[in-house]
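One structure is given below, encoded as structure tokens.
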Amino acid sequence: MPDIKLALLGFGNVGRALARLLLIKRDELRRRYQINWQVVGITTLRHGGAIDPGGLDLEQALTLAEAGKDLSPLSLQPATIDGEIFVRLCGADILFENTPVNYQTGQPAISHIRTAIESGMHVITANKGPVVHAYQELTELARSRKVRFFFESAVMDGTPIFSMWRETLPAADLLAFRGVLNSTTNLILTLMEEEKSFDEAVVYTQEIGIAETDPSGDIQGWDAAVKVAALVTVLMRVPIKPAQVTREGIEGLTLKDVKDALAAGRRWKLVCQATRVDDGVHASVGLEQVEPSDSLYNVIGTSSSITFESDVLGDLTITEANPGPQTTAYGLLADFINAVHSSP
Ligand SMILES: NC(=O)c1ccc[n+]([C@@H]2O[C@H](COP(=O)([O-])OP(=O)(O)OC[C@H]3O[C@@H](n4cnc5c(N)ncnc54)[C@H](OP(=O)(O)O)[C@@H]3O)[C@@H](O)[C@H]2O)c1
């Protein structure tokens with residue numbers, strides 16, 4: 001059972017949660033899946049990087065990173081922070097790409113992933129950017145190099161969405177979907193129902209670390225639009241860009257709007273949806289008042305939910321409660337096992 005060499009590009013909330021989960025599951029992976037692993041490279045933007053072909057001490061890397069310290073002292077080779085050079089030098093079998101999403105272009109993650117696949121690595125990512133901006137190119141490249149490009153955690157964290165369609169719904173056609181896919185805006189709406197002002201709610205989502213320092217990507221509906229575009233591109237096989245998703249954010253909603261809806265027995269939700277039509281797909285993100293009979297009514301706080309309508313199963317709903325970096329890490333771990341076990 002030779003060791004599988006892993007590289008972590010991006011060691012923030014998600015990269016570190018993955019490292020912790022790998023350590024927790026080390027014996028189980030060996031026992032149940034005959035998978036032995038070692039991490040041969042980690043890199044970041046401002047906290048240095050480390051490469052050691054003999055295997056890095058992952059616990060020590062976590063201790064350094066969590067103390068905000070530089071990783072370079074762990075490195076046997078000169079550390080580099082350029083992502084593409086890191087990928088070429090690290091000598092890994094699998095790259096985990098977990099750098100921040102770039103909604104506009106998907107870069108530099110697309111270049112990192114392309115370089116890794118060209119070097120013969122499987123690539124696993126939670127980053128939506130490459131999925132929505134380069135799905136076709138990267139999937140075809142991976143197929144030609146006989147490696148896997150998996151991204152389960154890009155939408156709804158570790159909830160099995162992409163793998164469910166890939167592995168368990170053969171020959172099913174996705175006709176439509178509807179759901180709540182952005183945790184930050186859903187929590188803001190819930191907090192406003194509890195009488196917090198819009199600004200107070202935004203600050204709270206930043207304090208607990210689910211909104212970005214600049215939360216406009218969530219609030220203006222861009223994050224949700226990118227997720228809709230990723231689902232349409234991959235599951236409906238119609239490549240669309242986020243700009244083609246009709247988009248509305250929650251920034252125009254007042255406390256009075258929220259209270260009025262509650263008084264009338266309804267709740268505001270930022271609803272993501274797409275429907276197949278003759279000439280393609282209609283996709284949108286927009287505010288809706290939902291009734292208690294709507295499955296989205298009870299999706300509150302950071303939870304998310306999606307209902308798929310297919311030609312064979314009718315409606316199929318999946319709900320995720322209390323997501324976080326640890327559930328995102330599980331999606332990456334599941335992709336890791338699936339990539340290793342499905343390799344040609
Ligand atoms: N947080 C979640 O629960 C969640 C859920 C689903 C999907 N995702 C996706 O997962 C990805 C990572 O999220 P996160 O929360 O872990 O972000 P994060 O905490 O901001 O961490 C990002 C990491 O990437 C590094 N980095 C940034 N640019 C880089 C570059 N050009 N080259 C090398 N390293 C670079 C950062 O370095 P420094 O440490 O030096 O800044 C940091 O280590 C994002 O694409 C996000 O959308 C996250």
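Residue names in the structure tokens use chain letters A, B, ... in the order shown, residue numbers from 1 in each chain, and ligand numbers from 1 in the order shown.
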Q) Can I get the residues close to ligand 1 as number ranges by chain, where close means within 8 Å and we count only C-alpha atoms and all ligand atoms? A) A: 9-16, 43-48, 65, 81-83, 97-102, 108-109, 125-129, 153-157, 210, 323-328
Q | stretch 172-188 of chain A surroundings by only C-alpha atoms, 8 Å radius, close-in-sequence under 2 positions cut, as number ranges by chain | A | A: 155-156, 169-170, 190-192, 198, 201-202, 205, 210-211, 218-219, 223-224, 227, 235-236, 250, 269-276, 296, 299-312
How about saving the chosen residues, N, CA and C atoms kept, as a short mmCIF file (atom, residue, chain, number, x, y, z; two decimals), in the first residue's frame?
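What landed in result.cif:
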data_model
loop_
_atom_site.label_atom_id
_atom_site.label_comp_id
_atom_site.auth_asym_id
_atom_site.auth_seq_id
_atom_site.Cartn_x
_atom_site.Cartn_y
_atom_site.Cartn_z
N VAL A 155 -20.66 23.49 -4.01
CA VAL A 155 -22.04 23.92 -3.76
C VAL A 155 -22.58 23.10 -2.58
N MET A 156 -23.14 23.78 -1.59
CA MET A 156 -23.69 23.13 -0.38
C MET A 156 -22.65 22.29 0.35
N LEU A 169 -27.62 8.46 -9.97
CA LEU A 169 -28.81 8.75 -10.78
C LEU A 169 -28.49 8.59 -12.27
N PRO A 170 -28.07 7.38 -12.67
CA PRO A 170 -27.71 7.21 -14.08
C PRO A 170 -28.91 7.43 -14.99
N THR A 190 -32.82 35.61 8.60
CA THR A 190 -33.31 35.05 9.88
C THR A 190 -33.07 36.05 11.01
N LEU A 191 -31.89 36.68 11.02
CA LEU A 191 -31.58 37.66 12.09
C LEU A 191 -32.50 38.86 12.00
N MET A 192 -32.85 39.27 10.78
CA MET A 192 -33.78 40.40 10.63
C MET A 192 -35.17 40.03 11.16
N PHE A 198 -30.44 45.35 9.25
CA PHE A 198 -29.65 44.76 8.16
C PHE A 198 -28.15 44.87 8.48
N ALA A 201 -27.00 42.63 11.28
CA ALA A 201 -26.98 41.22 10.84
C ALA A 201 -25.73 40.95 9.99
N VAL A 202 -25.38 41.89 9.11
CA VAL A 202 -24.19 41.72 8.27
C VAL A 202 -22.95 41.62 9.15
N THR A 205 -22.65 38.20 10.74
CA THR A 205 -22.18 37.12 9.85
C THR A 205 -20.67 37.24 9.62
N ILE A 210 -18.61 33.70 8.52
CA ILE A 210 -19.20 33.08 7.32
C ILE A 210 -19.28 34.08 6.16
N ALA A 211 -19.26 35.39 6.45
CA ALA A 211 -19.25 36.37 5.36
C ALA A 211 -17.83 36.86 5.14
N ASP A 218 -21.97 38.07 -1.40
CA ASP A 218 -23.12 37.35 -0.86
C ASP A 218 -24.39 38.20 -0.98
N ILE A 219 -24.29 39.46 -0.48
CA ILE A 219 -25.49 40.30 -0.34
C ILE A 219 -26.11 40.64 -1.69
N ASP A 223 -22.67 35.22 -5.12
CA ASP A 223 -22.30 33.87 -4.70
C ASP A 223 -23.39 32.87 -5.11
N ALA A 224 -24.65 33.27 -4.88
CA ALA A 224 -25.76 32.39 -5.25
C ALA A 224 -25.80 32.20 -6.77
N LYS A 227 -23.25 29.72 -7.88
CA LYS A 227 -23.67 28.34 -7.56
C LYS A 227 -24.73 27.85 -8.57
N LEU A 235 -24.81 19.88 -14.07
CA LEU A 235 -25.90 18.90 -13.96
C LEU A 235 -26.89 18.98 -15.11
N MET A 236 -27.06 20.20 -15.70
CA MET A 236 -27.99 20.30 -16.84
C MET A 236 -27.23 20.29 -18.16
N ILE A 250 -30.16 40.93 -1.58
CA ILE A 250 -31.09 41.24 -0.48
C ILE A 250 -30.89 42.67 0.03
N LYS A 269 -37.11 34.78 1.27
CA LYS A 269 -35.99 33.89 0.98
C LYS A 269 -35.31 34.35 -0.31
N LEU A 270 -33.98 34.20 -0.35
CA LEU A 270 -33.27 34.45 -1.60
C LEU A 270 -33.25 33.12 -2.36
N VAL A 271 -34.12 33.03 -3.36
CA VAL A 271 -34.37 31.73 -4.01
C VAL A 271 -33.53 31.60 -5.28
N CYS A 272 -32.84 30.47 -5.36
CA CYS A 272 -32.03 30.13 -6.54
C CYS A 272 -32.84 29.13 -7.36
N GLN A 273 -32.98 29.37 -8.65
CA GLN A 273 -33.70 28.37 -9.44
C GLN A 273 -33.27 28.34 -10.89
N ALA A 274 -33.55 27.22 -11.52
CA ALA A 274 -33.28 27.07 -12.95
C ALA A 274 -34.28 26.07 -13.52
N THR A 275 -34.72 26.33 -14.73
CA THR A 275 -35.67 25.45 -15.41
C THR A 275 -35.21 25.25 -16.84
N ARG A 276 -35.26 24.00 -17.28
CA ARG A 276 -34.90 23.71 -18.67
C ARG A 276 -36.06 24.18 -19.58
N LEU A 296 -39.01 25.64 1.55
CA LEU A 296 -37.95 26.58 1.92
C LEU A 296 -38.29 27.39 3.18
N VAL A 299 -36.20 26.56 6.16
CA VAL A 299 -34.74 26.59 5.97
C VAL A 299 -34.26 27.92 6.54
N ILE A 300 -33.77 27.88 7.78
CA ILE A 300 -33.43 29.14 8.44
C ILE A 300 -31.94 29.15 8.84
N GLY A 301 -31.46 30.33 9.22
CA GLY A 301 -30.06 30.45 9.63
C GLY A 301 -29.12 30.10 8.49
N THR A 302 -28.07 29.38 8.82
CA THR A 302 -27.06 29.07 7.79
C THR A 302 -27.43 27.83 6.96
N SER A 303 -28.58 27.24 7.23
CA SER A 303 -28.94 26.03 6.49
C SER A 303 -29.21 26.33 5.02
N SER A 304 -29.10 25.30 4.19
CA SER A 304 -29.49 25.44 2.79
C SER A 304 -30.26 24.21 2.36
N SER A 305 -30.92 24.34 1.22
CA SER A 305 -31.77 23.25 0.75
C SER A 305 -31.97 23.37 -0.75
N ILE A 306 -32.12 22.23 -1.40
CA ILE A 306 -32.39 22.27 -2.84
C ILE A 306 -33.36 21.15 -3.20
N THR A 307 -34.30 21.46 -4.07
CA THR A 307 -35.20 20.44 -4.61
C THR A 307 -34.89 20.27 -6.09
N PHE A 308 -34.61 19.03 -6.47
CA PHE A 308 -34.35 18.71 -7.88
C PHE A 308 -35.60 18.10 -8.48
N GLU A 309 -35.94 18.52 -9.69
CA GLU A 309 -37.03 17.88 -10.43
C GLU A 309 -36.41 17.17 -11.62
N SER A 310 -36.58 15.86 -11.67
CA SER A 310 -35.97 15.10 -12.77
C SER A 310 -37.06 14.40 -13.57
N ASP A 311 -36.68 13.83 -14.71
CA ASP A 311 -37.66 13.14 -15.55
C ASP A 311 -38.05 11.78 -14.99
N VAL A 312 -37.28 11.29 -13.98
CA VAL A 312 -37.57 9.94 -13.49
C VAL A 312 -38.05 9.89 -12.04
#
Q: Might you pull out every residue within 12 Å of A:Asp257, with only C-alpha atoms counted and same-chain residues fewer than 3 positions away left off, and present them as a PyMOL selection string?
A: chain A and resi 189+192-193+195+197-198+250-254+260-264+266-269+287-289
(Q) Just the number, please: distance in Å from atom CA of A:Arg30 to atom CA of A:Val87, one decimal. (A) 25.8 Å
Give me the residues near A:Lys241 as a short mmCIF file (atom, residue, chain, number, x, y, z; two decimals) with N, CA and C atoms, in the first residue's frame, where near means some atom within 7 Å (using only C-alpha atoms) and where sequence neighbours in that chain fewer than 2 positions away do not count.
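Here's the written file around33.cif:
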data_model
loop_
_atom_site.label_atom_id
_atom_site.label_comp_id
_atom_site.auth_asym_id
_atom_site.auth_seq_id
_atom_site.Cartn_x
_atom_site.Cartn_y
_atom_site.Cartn_z
N VAL A 132 -17.27 27.07 -12.59
CA VAL A 132 -18.19 27.86 -13.40
C VAL A 132 -17.47 28.49 -14.61
N ALA A 229 -25.05 28.89 -11.63
CA ALA A 229 -24.35 28.65 -12.91
C ALA A 229 -23.58 27.33 -12.86
N PRO A 239 -23.64 25.09 -20.49
CA PRO A 239 -22.66 25.99 -19.88
C PRO A 239 -23.16 27.43 -19.84
N ALA A 243 -23.11 35.83 -15.05
CA ALA A 243 -23.77 37.04 -15.57
C ALA A 243 -25.05 36.69 -16.34
N GLN A 244 -25.19 35.44 -16.77
CA GLN A 244 -26.41 35.02 -17.49
C GLN A 244 -27.52 34.61 -16.53
#
Q: In Å, rounded to a single decimal, give me how far atom CA of A:Asp214 is from atom CA of A:Asn298.
A: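 Separating atom CA of A:Asn298 from atom CA of A:Asp214 is a distance of 27.9 Å.
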Please tabulate, as a Markdown table, the residues of stretch 78-180 of chain A that come within 12 Å of stretch 38-41 of chain A, each with its closest pair of atoms and the distance in Å to one decimal, counting only C-alpha atoms and ordering rows by chain, then residue number upward.
| residue | atom | partner | partner_atom | distance |
| --- | --- | --- | --- | --- |
| A:Pro78 | CA | A:Gly41 | CA | 11.7 |
| A:Ala79 | CA | A:Gly41 | CA | 9.5 |
| A:Thr80 | CA | A:Gly41 | CA | 10.4 |
| A:Ile81 | CA | A:Gly41 | CA | 11.2 |
| A:Gly83 | CA | A:Gly41 | CA | 11.2 |
| A:Ile85 | CA | A:Gly41 | CA | 11.8 |
| A:Phe86 | CA | A:Gly41 | CA | 8.0 |
| A:Val87 | CA | A:Gly41 | CA | 8.7 |
| A:Arg88 | CA | A:Gly41 | CA | 10.9 |
| A:Leu89 | CA | A:Gly41 | CA | 8.9 |
| A:Cys90 | CA | A:Gly41 | CA | 5.6 |
| A:Gly91 | CA | A:Val40 | CA | 7.4 |
| A:Ala92 | CA | A:Val40 | CA | 6.6 |
| A:Asp93 | CA | A:Val40 | CA | 9.6 |
| A:Ile94 | CA | A:Val39 | CA | 9.6 |
| A:Leu95 | CA | A:Gly41 | CA | 9.3 |
| A:Phe96 | CA | A:Gly41 | CA | 10.3 |
| A:Glu97 | CA | A:Gly41 | CA | 11.9 |
Q: Assign secondary structure with DSSP using the backbone only, and return the residues of stretch 22-248 of chain A in strand (DSSP E) as a PyMOL selection string.
A: chain A and resi 36-43+49-51+94-97+122-125+149-150+174-180+246-247
Could you dump the residues just selected with N, CA and C atoms as a PDB file, in the first residue's frame?
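Generated file (part20.pdb):
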ATOM      1  N   ASN A  36      -3.296   4.988   2.240  1.00  0.00           N
ATOM      2  CA  ASN A  36      -2.284   5.628   3.093  1.00  0.00           C
ATOM      3  C   ASN A  36      -1.942   6.950   2.453  1.00  0.00           C
ATOM      4  N   TRP A  37      -1.817   8.000   3.223  1.00  0.00           N
ATOM      5  CA  TRP A  37      -1.501   9.292   2.606  1.00  0.00           C
ATOM      6  C   TRP A  37      -0.402   9.994   3.372  1.00  0.00           C
ATOM      7  N   GLN A  38       0.280  10.882   2.702  1.00  0.00           N
ATOM      8  CA  GLN A  38       1.138  11.843   3.380  1.00  0.00           C
ATOM      9  C   GLN A  38       1.043  13.168   2.632  1.00  0.00           C
ATOM     10  N   VAL A  39       1.170  14.270   3.369  1.00  0.00           N
ATOM     11  CA  VAL A  39       1.106  15.602   2.758  1.00  0.00           C
ATOM     12  C   VAL A  39       2.533  16.031   2.436  1.00  0.00           C
ATOM     13  N   VAL A  40       2.808  16.236   1.136  1.00  0.00           N
ATOM     14  CA  VAL A  40       4.179  16.591   0.726  1.00  0.00           C
ATOM     15  C   VAL A  40       4.337  18.094   0.462  1.00  0.00           C
ATOM     16  N   GLY A  41       3.222  18.827   0.420  1.00  0.00           N
ATOM     17  CA  GLY A  41       3.344  20.267   0.177  1.00  0.00           C
ATOM     18  C   GLY A  41       2.125  21.020   0.668  1.00  0.00           C
ATOM     19  N   ILE A  42       2.377  22.209   1.207  1.00  0.00           N
ATOM     20  CA  ILE A  42       1.295  23.131   1.604  1.00  0.00           C
ATOM     21  C   ILE A  42       1.762  24.510   1.192  1.00  0.00           C
ATOM     22  N   THR A  43       0.856  25.314   0.598  1.00  0.00           N
ATOM     23  CA  THR A  43       1.251  26.699   0.367  1.00  0.00           C
ATOM     24  C   THR A  43       0.081  27.651   0.580  1.00  0.00           C
ATOM     25  N   GLY A  49       5.060  28.697   2.468  1.00  0.00           N
ATOM     26  CA  GLY A  49       4.710  27.353   2.031  1.00  0.00           C
ATOM     27  C   GLY A  49       5.815  26.396   2.412  1.00  0.00           C
ATOM     28  N   ALA A  50       5.532  25.104   2.258  1.00  0.00           N
ATOM     29  CA  ALA A  50       6.532  24.100   2.622  1.00  0.00           C
ATOM     30  C   ALA A  50       6.385  22.896   1.710  1.00  0.00           C
ATOM     31  N   ILE A  51       7.529  22.372   1.281  1.00  0.00           N
ATOM     32  CA  ILE A  51       7.537  21.146   0.478  1.00  0.00           C
ATOM     33  C   ILE A  51       8.539  20.190   1.117  1.00  0.00           C
ATOM     34  N   ILE A  94      -2.131  14.073  -5.718  1.00  0.00           N
ATOM     35  CA  ILE A  94      -3.442  14.743  -5.642  1.00  0.00           C
ATOM     36  C   ILE A  94      -3.242  16.173  -5.142  1.00  0.00           C
ATOM     37  N   LEU A  95      -3.866  17.131  -5.854  1.00  0.00           N
ATOM     38  CA  LEU A  95      -3.843  18.527  -5.396  1.00  0.00           C
ATOM     39  C   LEU A  95      -5.213  18.900  -4.849  1.00  0.00           C
ATOM     40  N   PHE A  96      -5.227  19.465  -3.631  1.00  0.00           N
ATOM     41  CA  PHE A  96      -6.435  20.092  -3.096  1.00  0.00           C
ATOM     42  C   PHE A  96      -6.289  21.596  -3.306  1.00  0.00           C
ATOM     43  N   GLU A  97      -7.129  22.168  -4.169  1.00  0.00           N
ATOM     44  CA  GLU A  97      -7.055  23.607  -4.457  1.00  0.00           C
ATOM     45  C   GLU A  97      -8.141  24.315  -3.652  1.00  0.00           C
ATOM     46  N   HIS A 122      -4.685  14.066  -9.758  1.00  0.00           N
ATOM     47  CA  HIS A 122      -6.108  14.306  -9.534  1.00  0.00           C
ATOM     48  C   HIS A 122      -6.223  15.677  -8.880  1.00  0.00           C
ATOM     49  N   VAL A 123      -7.329  16.399  -9.158  1.00  0.00           N
ATOM     50  CA  VAL A 123      -7.535  17.688  -8.481  1.00  0.00           C
ATOM     51  C   VAL A 123      -8.896  17.697  -7.797  1.00  0.00           C
ATOM     52  N   ILE A 124      -8.886  18.173  -6.552  1.00  0.00           N
ATOM     53  CA  ILE A 124     -10.112  18.254  -5.764  1.00  0.00           C
ATOM     54  C   ILE A 124     -10.194  19.671  -5.211  1.00  0.00           C
ATOM     55  N   THR A 125     -11.360  20.296  -5.365  1.00  0.00           N
ATOM     56  CA  THR A 125     -11.469  21.698  -4.952  1.00  0.00           C
ATOM     57  C   THR A 125     -12.839  22.003  -4.368  1.00  0.00           C
ATOM     58  N   PHE A 149     -11.169  15.305 -11.799  1.00  0.00           N
ATOM     59  CA  PHE A 149     -11.357  16.695 -11.378  1.00  0.00           C
ATOM     60  C   PHE A 149     -12.697  16.723 -10.648  1.00  0.00           C
ATOM     61  N   PHE A 150     -12.651  16.717  -9.296  1.00  0.00           N
ATOM     62  CA  PHE A 150     -13.869  16.634  -8.480  1.00  0.00           C
ATOM     63  C   PHE A 150     -14.028  17.910  -7.641  1.00  0.00           C
ATOM     64  N   LEU A 174     -32.041  16.186 -15.359  1.00  0.00           N
ATOM     65  CA  LEU A 174     -32.468  17.251 -14.452  1.00  0.00           C
ATOM     66  C   LEU A 174     -33.276  18.277 -15.242  1.00  0.00           C
ATOM     67  N   LEU A 175     -34.527  18.471 -14.839  1.00  0.00           N
ATOM     68  CA  LEU A 175     -35.419  19.393 -15.557  1.00  0.00           C
ATOM     69  C   LEU A 175     -35.441  20.772 -14.902  1.00  0.00           C
ATOM     70  N   ALA A 176     -35.308  20.780 -13.572  1.00  0.00           N
ATOM     71  CA  ALA A 176     -35.377  22.066 -12.849  1.00  0.00           C
ATOM     72  C   ALA A 176     -34.838  21.877 -11.439  1.00  0.00           C
ATOM     73  N   PHE A 177     -34.415  22.985 -10.821  1.00  0.00           N
ATOM     74  CA  PHE A 177     -34.111  22.941  -9.390  1.00  0.00           C
ATOM     75  C   PHE A 177     -34.497  24.278  -8.764  1.00  0.00           C
ATOM     76  N   ARG A 178     -34.710  24.246  -7.459  1.00  0.00           N
ATOM     77  CA  ARG A 178     -35.089  25.452  -6.710  1.00  0.00           C
ATOM     78  C   ARG A 178     -34.582  25.292  -5.292  1.00  0.00           C
ATOM     79  N   GLY A 179     -33.946  26.331  -4.755  1.00  0.00           N
ATOM     80  CA  GLY A 179     -33.435  26.178  -3.395  1.00  0.00           C
ATOM     81  C   GLY A 179     -32.890  27.450  -2.800  1.00  0.00           C
ATOM     82  N   VAL A 180     -32.389  27.304  -1.571  1.00  0.00           N
ATOM     83  CA  VAL A 180     -31.649  28.368  -0.887  1.00  0.00           C
ATOM     84  C   VAL A 180     -30.211  27.880  -0.806  1.00  0.00           C
ATOM     85  N   THR A 246     -30.243  35.689 -14.052  1.00  0.00           N
ATOM     86  CA  THR A 246     -30.969  36.887 -13.624  1.00  0.00           C
ATOM     87  C   THR A 246     -30.787  37.010 -12.116  1.00  0.00           C
ATOM     88  N   ARG A 247     -30.317  38.179 -11.662  1.00  0.00           N
ATOM     89  CA  ARG A 247     -29.851  38.235 -10.275  1.00  0.00           C
ATOM     90  C   ARG A 247     -30.435  39.421  -9.500  1.00  0.00           C
TER      91      ARG A 247
END
I'd like to know which residues of stretch 13-191 of chain A are alpha helix (DSSP H) (by DSSP, run on the backbone); could you write them as a short mmCIF file (atom, residue, chain, number, x, y, z; two decimals) with C-alpha atoms, in the first residue's frame?
data_model
loop_
_atom_site.label_atom_id
_atom_site.label_comp_id
_atom_site.auth_asym_id
_atom_site.auth_seq_id
_atom_site.Cartn_x
_atom_site.Cartn_y
_atom_site.Cartn_z
CA ASN A 13 -10.45 27.67 7.02
CA VAL A 14 -11.13 24.89 4.54
CA GLY A 15 -7.55 23.67 3.97
CA ARG A 16 -6.98 23.42 7.72
CA ALA A 17 -10.33 21.70 8.34
CA LEU A 18 -9.35 19.16 5.68
CA ALA A 19 -5.99 18.61 7.39
CA ARG A 20 -7.73 17.97 10.71
CA LEU A 21 -10.20 15.55 9.12
CA LEU A 22 -7.41 13.67 7.32
CA LEU A 23 -5.68 13.17 10.68
CA ILE A 24 -8.92 12.04 12.37
CA ARG A 26 -6.17 8.34 8.93
CA ASP A 27 -6.68 4.85 10.45
CA GLU A 28 -10.14 4.45 8.95
CA LEU A 29 -8.87 5.31 5.47
CA ARG A 30 -6.14 2.70 5.86
CA ARG A 31 -8.45 0.01 7.28
CA ARG A 32 -11.56 0.45 5.13
CA TYR A 33 -10.17 1.87 1.88
CA LEU A 58 0.75 17.99 9.39
CA GLU A 59 0.06 18.59 13.08
CA GLN A 60 2.97 21.00 13.23
CA ALA A 61 1.75 22.77 10.07
CA LEU A 62 -1.66 23.20 11.71
CA THR A 63 -0.09 24.57 14.89
CA LEU A 64 1.96 27.10 12.91
CA ALA A 65 -0.94 28.17 10.69
CA GLU A 66 -3.36 28.51 13.61
CA GLY A 83 0.79 28.55 -6.99
CA GLU A 84 1.80 27.18 -10.38
CA ILE A 85 5.47 26.77 -9.40
CA PHE A 86 4.36 25.08 -6.18
CA VAL A 87 2.24 22.61 -8.16
CA ARG A 88 5.15 21.79 -10.46
CA LEU A 89 7.60 21.32 -7.56
CA CYS A 90 5.48 19.52 -4.97
CA ALA A 109 -7.31 28.63 -9.37
CA ILE A 110 -7.93 27.60 -13.01
CA SER A 111 -4.20 27.87 -13.78
CA HIS A 112 -3.31 25.93 -10.62
CA ILE A 113 -5.72 23.15 -11.56
CA ARG A 114 -4.69 23.05 -15.23
CA THR A 115 -1.02 22.75 -14.23
CA ALA A 116 -1.79 19.97 -11.76
CA ILE A 117 -3.83 17.94 -14.25
CA GLU A 118 -1.13 18.38 -16.91
CA LYS A 128 -16.60 27.43 -7.38
CA GLY A 129 -14.60 29.70 -9.70
CA PRO A 130 -12.94 26.98 -11.80
CA VAL A 131 -16.20 25.00 -12.00
CA VAL A 132 -18.19 27.86 -13.40
CA HIS A 133 -15.47 29.37 -15.61
CA ALA A 134 -13.61 26.28 -16.88
CA TYR A 135 -15.66 23.14 -16.20
CA GLN A 136 -15.60 21.82 -19.74
CA GLU A 137 -11.92 22.53 -20.39
CA LEU A 138 -10.73 21.06 -17.08
CA THR A 139 -13.00 18.01 -17.29
CA GLU A 140 -11.83 17.19 -20.81
CA LEU A 141 -8.20 17.73 -19.83
CA ALA A 142 -8.63 15.46 -16.81
CA ARG A 143 -10.27 12.78 -18.97
CA SER A 144 -7.42 12.92 -21.49
CA PHE A 162 -22.53 16.41 -7.83
CA SER A 163 -21.57 12.86 -6.80
CA SER A 183 -25.84 30.71 3.97
CA THR A 184 -24.83 34.30 4.65
CA THR A 185 -27.95 35.91 3.17
CA ASN A 186 -30.22 33.27 4.70
CA LEU A 187 -28.76 33.97 8.15
CA ILE A 188 -29.13 37.74 7.62
CA LEU A 189 -32.82 37.23 6.76
CA THR A 190 -33.31 35.05 9.88
CA LEU A 191 -31.58 37.66 12.09
#
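Take atom CA of A:Val238 and atom CA of A:Thr105: the distance between them is 18.4 Å.
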